[in-house]
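Reviewing the structure listed below.
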Amino acid sequence: MNDDLFAAAEVIGIVAFAVSGGYAAVRAGMDWLGVVVLAVVVAVGGGTLRDLMLGIEPVWWVSAPGMLIVAAVTSLVVIAVAARHPQSKVDSWRIVLYADAVGLAAFTVTGASIALAEDVRPWVAIVFGVITGTGGGVIRDVLVRRKPQVLVGEIYALASIAGAALYVILLETTVPSGAAALSAAALVLVVRAGAMRWHWHLPRFPEPHA
Amino acid sequence: MNDDLFAAAEVIGIVAFAVSGGYAAVRAGMDWLGVVVLAVVVAVGGGTLRDLMLGIEPVWWVSAPGMLIVAAVTSLVVIAVAARHPQSKVDSWRIVLYADAVGLAAFTVTGASIALAEDVRPWVAIVFGVITGTGGGVIRDVLVRRKPQVLVGEIYALASIAGAALYVILLETTVPSGAAALSAAALVLVVRAGAMRWHWHLPRFPEPHA
Amino acid sequence: MNDDLFAAAEVIGIVAFAVSGGYAAVRAGMDWLGVVVLAVVVAVGGGTLRDLMLGIEPVWWVSAPGMLIVAAVTSLVVIAVAARHPQSKVDSWRIVLYADAVGLAAFTVTGASIALAEDVRPWVAIVFGVITGTGGGVIRDVLVRRKPQVLVGEIYALASIAGAALYVILLETTVPSGAAALSAAALVLVVRAGAMRWHWHLPRFPEPHA
């Protein structure tokens, strides 16, 4: 994956997760600054967890702080839109889920790519793809006190695992790395979007009685 | 900021957040050791997050473990007081909020100061001031399962941002660093205390129906 | 503690906490992959927190990823058992608590041991024993939205503190390190199992009214 493609994936992931985090804050009844804070935390959270565990320090956004601004500006758009459409929450929910899927796709691939550059074993890079792709959402769900989507969602972690695995496998072939990255991201998106559209899900244990 | 002032700010922040964390544990119905554990975790949590993200390792309290003892002893005082005044919870609540504000002020400034010493850009140091000042409280709220104060509170994150920004700006002037630190901490305190006193708050999105 | 004993303690701890994390996911109504994810996260979580704070990087499982597989395979057993005995939850609960106690014992000792190898002060190694022993359970409880056991449990943190302290103290004597490790782990288990059996607990503050 060349540098331009990588940078584009990073920006796309940041914007997508800032939307996801910002809307989660709106729905949870946070104040405007809370929306900005949660958007930024969700946007940079997965990559931060990845860097901490890989030992990349300081974590990535300290040397690329422009990404914090991208996330914050995105959250201002979320605020502006949400403040005007108070009743549109149900509608906007689908948009947010798709934004979240885009972020999942982008960060799964960038996360696996960065882990490989740190010389971890290929299958461990899959784990880091999943950590990077899902980490921000886990932090979001904990902070707004929802069940973590990665543990109960419709083919959420599985989409990330599939994409990261495809990426790692394609890199072992003669497929160019850019094509591998795009294919992997597309797989995440297709699997996740299909799961949302047709309500695919893994077998679940029954909900506890509260 | 000279070493004595810095050390004083650290101790003040530790004691203040140990009070905040300890009382949160009391109110959540924890056992006595749980109060000690939560007090210590909240007291050192913000600085720990800061050090992890900056790549300062081991984290600060490993080489200054006396601070763990300061936090633990503070929590014993909290236990002693709380065990004697079982009905005084509502009253004590205000005290705890003010202790929390003091901790926020102290750690916002020490956090920004440490980040600057690691050569991050000035405005990124503001982010680290906020992480250090608010991180312990976020951990506290997650562990006692409350809505994170930083996302919904009366001018909470904003007080920290304002103080950290003032500190960073004053350091660019001829103001002595100690005076900059004290001014910044005072600003955090005044803004936060004023917000509590007069219920200032940012625009909020409506609470979701449970 | 020689390498074989240490490795055995690690595997025991991983399996034990994978059982604890996996069953917690089953009880919380997660899907099958969610059970695997939570089992792995809980199994490696305490050691990951320890390594991050000590500055051991990348964190331990990156260079020993086989442990992720041990945890994942354990979670598959949990799924197979749980899927067949849907009504046995209450019964299985005790088994899970004992598995958790075994994990607490194993990781308390390995955590203290690793911290000592990093030249932290002996009493700070006790703190790292507790972080390693209890960290995975804290992450588990946050993700399934339960009250953290370490803050309210029947002599939970205290068992870990006692074991870690015994380990550190015995290492100062002529007792062989293997015997020190086994004694310390046994102390954790006995204290924790006794607390569960006879409902020992520390004084508690009253539960808040919801």
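FYI, nothing fancy with the structure tokens labels: chains A, B, ... in order, residues from 1 per chain, ligands from 1 as they appear.
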
message = If the cut-off is 8 Å, can you tell me the residues of chain A near chain B, counting only C-alpha atoms? I'd like them as a ChimeraX atom specification.
response = /A:26-35,37-38,48,52,57-59,62-63,65,83,142-145

Which residues come within 10 Å of Leu76 in chain C, counting only C-alpha atoms, excluding same-chain residues fewer than 3 positions away, as a short mmCIF file (atom, residue, chain, number, x, y, z; two decimals) with N, CA and C atoms, in the first residue's frame?
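Generated file (out.cif):
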```cif
data_model
loop_
_atom_site.label_atom_id
_atom_site.label_comp_id
_atom_site.auth_asym_id
_atom_site.auth_seq_id
_atom_site.Cartn_x
_atom_site.Cartn_y
_atom_site.Cartn_z
N ALA C 18 -9.81 -17.37 30.39
CA ALA C 18 -10.61 -17.55 29.18
C ALA C 18 -11.95 -18.17 29.55
N VAL C 19 -11.95 -19.11 30.51
CA VAL C 19 -13.21 -19.68 30.99
C VAL C 19 -14.06 -18.57 31.64
N GLY C 22 -15.17 -16.10 28.89
CA GLY C 22 -16.11 -16.73 27.96
C GLY C 22 -17.48 -16.91 28.60
N TRP C 32 -21.43 -16.03 19.39
CA TRP C 32 -20.33 -16.97 19.59
C TRP C 32 -18.95 -16.32 19.44
N LEU C 33 -18.83 -15.48 18.42
CA LEU C 33 -17.53 -14.82 18.25
C LEU C 33 -17.28 -13.84 19.39
N VAL C 35 -18.06 -14.36 22.40
CA VAL C 35 -17.53 -15.19 23.50
C VAL C 35 -16.03 -15.41 23.32
N VAL C 36 -15.63 -15.70 22.08
CA VAL C 36 -14.20 -15.91 21.81
C VAL C 36 -13.42 -14.63 22.09
N ALA C 39 -13.25 -13.87 25.83
CA ALA C 39 -12.37 -14.82 26.50
C ALA C 39 -10.90 -14.45 26.28
N ALA C 71 -6.26 -19.37 24.52
CA ALA C 71 -7.47 -18.72 25.04
C ALA C 71 -8.66 -18.95 24.10
N ALA C 72 -8.42 -18.85 22.81
CA ALA C 72 -9.51 -19.00 21.85
C ALA C 72 -10.05 -20.43 21.87
N VAL C 73 -9.16 -21.40 21.93
CA VAL C 73 -9.61 -22.79 21.97
C VAL C 73 -10.40 -23.05 23.25
N ILE C 79 -18.11 -22.45 24.69
CA ILE C 79 -19.28 -22.34 23.81
C ILE C 79 -19.97 -23.70 23.66
N ALA C 80 -19.16 -24.74 23.43
CA ALA C 80 -19.73 -26.07 23.22
C ALA C 80 -20.50 -26.52 24.46
N VAL C 81 -19.92 -26.30 25.62
CA VAL C 81 -20.58 -26.70 26.86
C VAL C 81 -21.84 -25.85 27.09
N ALA C 82 -21.68 -24.55 26.95
CA ALA C 82 -22.80 -23.65 27.26
C ALA C 82 -23.96 -23.84 26.28
#
```

task = Quick one: everything within 8 Å of Ala179 in chain A, counting only C-alpha atoms, minus sequence neighbours fewer than 4 positions away in the same chain. Send it as a PyMOL selection string.
result = chain A and resi 1+175+183

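Atom pair CA of Ser113 in chain C / CA of Ala8 in chain C has a distance of 13.8 Å (rounded to one decimal).
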
request  = Would you kindly return, as a list in words, each protein, DNA or RNA residue with an atom no farther than 9 Å from any atom of Thr132 in chain B, considering only C-alpha atoms and excluding same-chain residues fewer than 5 positions away?
outcome  =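 Near neighbours after the sequence-gap exclusion: Gly45, Gly46, Gly47, Thr48, Leu49, Arg50, Leu104, Phe107, Thr108, Val109, Thr110, Gly111, Ala112 and Val127 of chain B.
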
Could you write out the selected residues, including all heavy atoms, as a CSV table (one decimal), in the first residue's frame?
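After the write, selection-v8.csv holds the following:
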```csv
chain,number,residue,atom,x,y,z
B,45,GLY,N,-4.6,7.6,37.5
B,45,GLY,CA,-5.1,7.2,36.2
B,45,GLY,C,-4.8,8.2,35.0
B,45,GLY,O,-4.3,7.8,34.0
B,46,GLY,N,-5.1,9.5,35.3
B,46,GLY,CA,-4.8,10.5,34.2
B,46,GLY,C,-3.4,10.5,33.8
B,46,GLY,O,-3.1,10.5,32.6
B,47,GLY,N,-2.5,10.6,34.8
B,47,GLY,CA,-1.1,10.6,34.5
B,47,GLY,C,-0.6,9.3,33.8
B,47,GLY,O,0.4,9.4,33.0
B,48,THR,N,-1.2,8.2,34.2
B,48,THR,CA,-0.8,7.0,33.6
B,48,THR,C,-1.2,7.0,32.1
B,48,THR,O,-0.4,6.6,31.2
B,48,THR,CB,-1.5,5.8,34.3
B,48,THR,OG1,-1.1,5.8,35.6
B,48,THR,CG2,-1.2,4.5,33.6
B,49,LEU,N,-2.4,7.4,31.8
B,49,LEU,CA,-2.8,7.5,30.3
B,49,LEU,C,-1.9,8.4,29.6
B,49,LEU,O,-1.4,8.1,28.5
B,49,LEU,CB,-4.2,8.0,30.2
B,49,LEU,CG,-5.3,7.1,30.7
B,49,LEU,CD1,-6.7,7.7,30.6
B,49,LEU,CD2,-5.3,5.7,29.9
B,50,ARG,N,-1.6,9.6,30.2
B,50,ARG,CA,-0.6,10.5,29.6
B,50,ARG,C,0.7,9.9,29.3
B,50,ARG,O,1.2,10.0,28.1
B,50,ARG,CB,-0.4,11.7,30.5
B,50,ARG,CG,0.6,12.7,30.1
B,50,ARG,CD,1.1,13.5,31.2
B,50,ARG,NE,1.8,12.7,32.2
B,50,ARG,CZ,1.8,12.8,33.5
B,50,ARG,NH1,1.1,13.8,34.1
B,50,ARG,NH2,2.4,12.0,34.3
B,104,LEU,N,-8.6,18.5,38.9
B,104,LEU,CA,-8.6,18.8,37.5
B,104,LEU,C,-7.6,20.0,37.2
B,104,LEU,O,-6.9,19.9,36.2
B,104,LEU,CB,-10.0,19.2,37.1
B,104,LEU,CG,-10.3,19.6,35.6
B,104,LEU,CD1,-10.2,18.4,34.7
B,104,LEU,CD2,-11.7,20.3,35.5
B,107,PHE,N,-3.8,18.7,37.7
B,107,PHE,CA,-3.3,17.8,36.7
B,107,PHE,C,-3.3,18.3,35.3
B,107,PHE,O,-2.5,17.9,34.4
B,107,PHE,CB,-4.1,16.5,36.8
B,107,PHE,CG,-3.6,15.6,37.9
B,107,PHE,CD1,-4.4,14.4,38.3
B,107,PHE,CD2,-2.5,15.8,38.6
B,107,PHE,CE1,-4.0,13.6,39.3
B,107,PHE,CE2,-2.0,15.0,39.6
B,107,PHE,CZ,-2.8,13.9,40.0
B,108,THR,N,-4.3,19.2,35.0
B,108,THR,CA,-4.2,19.9,33.7
B,108,THR,C,-2.9,20.6,33.5
B,108,THR,O,-2.3,20.4,32.4
B,108,THR,CB,-5.4,20.9,33.6
B,108,THR,OG1,-6.6,20.2,33.6
B,108,THR,CG2,-5.3,21.7,32.3
B,109,VAL,N,-2.4,21.3,34.5
B,109,VAL,CA,-1.2,22.0,34.3
B,109,VAL,C,0.0,21.1,34.3
B,109,VAL,O,0.9,21.2,33.5
B,109,VAL,CB,-1.1,23.1,35.5
B,109,VAL,CG1,0.3,23.8,35.4
B,109,VAL,CG2,-2.2,24.1,35.4
B,110,THR,N,0.1,20.1,35.2
B,110,THR,CA,1.2,19.2,35.2
B,110,THR,C,1.3,18.4,34.0
B,110,THR,O,2.3,18.1,33.4
B,110,THR,CB,1.2,18.2,36.5
B,110,THR,OG1,0.1,17.4,36.4
B,110,THR,CG2,1.3,19.0,37.8
B,111,GLY,N,0.1,18.0,33.5
B,111,GLY,CA,0.0,17.2,32.2
B,111,GLY,C,0.6,18.0,31.0
B,111,GLY,O,1.4,17.4,30.2
B,112,ALA,N,0.1,19.2,30.9
B,112,ALA,CA,0.6,20.0,29.8
B,112,ALA,C,2.1,20.3,29.9
B,112,ALA,O,2.8,20.2,28.9
B,112,ALA,CB,-0.2,21.4,29.8
B,127,VAL,N,-3.9,19.1,24.6
B,127,VAL,CA,-4.6,17.8,24.6
B,127,VAL,C,-4.1,16.9,25.8
B,127,VAL,O,-4.9,16.3,26.5
B,127,VAL,CB,-4.4,17.1,23.3
B,127,VAL,CG1,-5.0,15.7,23.3
B,127,VAL,CG2,-4.9,17.9,22.1
```

task = Per DSSP on the backbone, filter range 10-197 of chain B down to the residues in alpha helix (DSSP H) and report them as a PyMOL selection string.
result = chain B and resi 10-27+32-54+60-63+66-84+89-117+122-143+149-152+157-171+177-197

request  = Write out as a ChimeraX atom specification each polymer residue whose atoms come within 12 Å of range 188-191 of chain A, counting only C-alpha atoms; drop sequence neighbours fewer than 5 positions from it.
outcome  = /A:97-109,129-130,133-134,154-167,181-183,196-201

ask   = Could you work out how far CA of Ile12 in chain A lies from CA of Thr174 in chain A, giving the answer in Å with one decimal?
value = 26.5 Å

key: Nearby residues (only C-alpha atoms) at most 8 Å from Val70 in chain B, same-chain spacing under 4 positions excluded, as a list in words   = Val11, Ile14, Val15, Gly66 and Thr74 of chain B

Write out, as a PDB file, in the first residue's frame, the residues just selected, with all heavy atoms.
```
ATOM      1  N   VAL B  11       1.093  16.402  44.308  1.00  0.00           N
ATOM      2  CA  VAL B  11       0.515  15.907  45.560  1.00  0.00           C
ATOM      3  C   VAL B  11      -0.923  16.406  45.732  1.00  0.00           C
ATOM      4  O   VAL B  11      -1.818  15.640  46.116  1.00  0.00           O
ATOM      5  CB  VAL B  11       1.383  16.342  46.769  1.00  0.00           C
ATOM      6  CG1 VAL B  11       0.675  16.015  48.077  1.00  0.00           C
ATOM      7  CG2 VAL B  11       2.753  15.682  46.707  1.00  0.00           C
ATOM      8  N   ILE B  14      -3.110  14.405  43.443  1.00  0.00           N
ATOM      9  CA  ILE B  14      -3.285  13.028  43.920  1.00  0.00           C
ATOM     10  C   ILE B  14      -4.306  12.985  45.061  1.00  0.00           C
ATOM     11  O   ILE B  14      -5.233  12.172  45.056  1.00  0.00           O
ATOM     12  CB  ILE B  14      -1.922  12.460  44.414  1.00  0.00           C
ATOM     13  CG1 ILE B  14      -0.972  12.244  43.245  1.00  0.00           C
ATOM     14  CG2 ILE B  14      -2.121  11.188  45.224  1.00  0.00           C
ATOM     15  CD1 ILE B  14      -1.338  11.098  42.351  1.00  0.00           C
ATOM     16  N   VAL B  15      -4.123  13.869  46.038  1.00  0.00           N
ATOM     17  CA  VAL B  15      -5.050  13.877  47.173  1.00  0.00           C
ATOM     18  C   VAL B  15      -6.468  14.210  46.700  1.00  0.00           C
ATOM     19  O   VAL B  15      -7.441  13.545  47.090  1.00  0.00           O
ATOM     20  CB  VAL B  15      -4.585  14.891  48.243  1.00  0.00           C
ATOM     21  CG1 VAL B  15      -5.653  15.085  49.309  1.00  0.00           C
ATOM     22  CG2 VAL B  15      -3.265  14.429  48.863  1.00  0.00           C
ATOM     23  N   GLY B  66       5.687   6.502  46.039  1.00  0.00           N
ATOM     24  CA  GLY B  66       5.167   7.148  47.228  1.00  0.00           C
ATOM     25  C   GLY B  66       3.793   7.765  46.979  1.00  0.00           C
ATOM     26  O   GLY B  66       2.968   7.877  47.902  1.00  0.00           O
ATOM     27  N   THR B  74      -5.072   8.850  51.778  1.00  0.00           N
ATOM     28  CA  THR B  74      -6.215   9.743  51.595  1.00  0.00           C
ATOM     29  C   THR B  74      -7.520   8.956  51.599  1.00  0.00           C
ATOM     30  O   THR B  74      -8.522   9.369  52.201  1.00  0.00           O
ATOM     31  CB  THR B  74      -6.081  10.513  50.258  1.00  0.00           C
ATOM     32  OG1 THR B  74      -4.856  11.225  50.253  1.00  0.00           O
ATOM     33  CG2 THR B  74      -7.249  11.472  50.061  1.00  0.00           C
TER      34      THR B  74
END
```
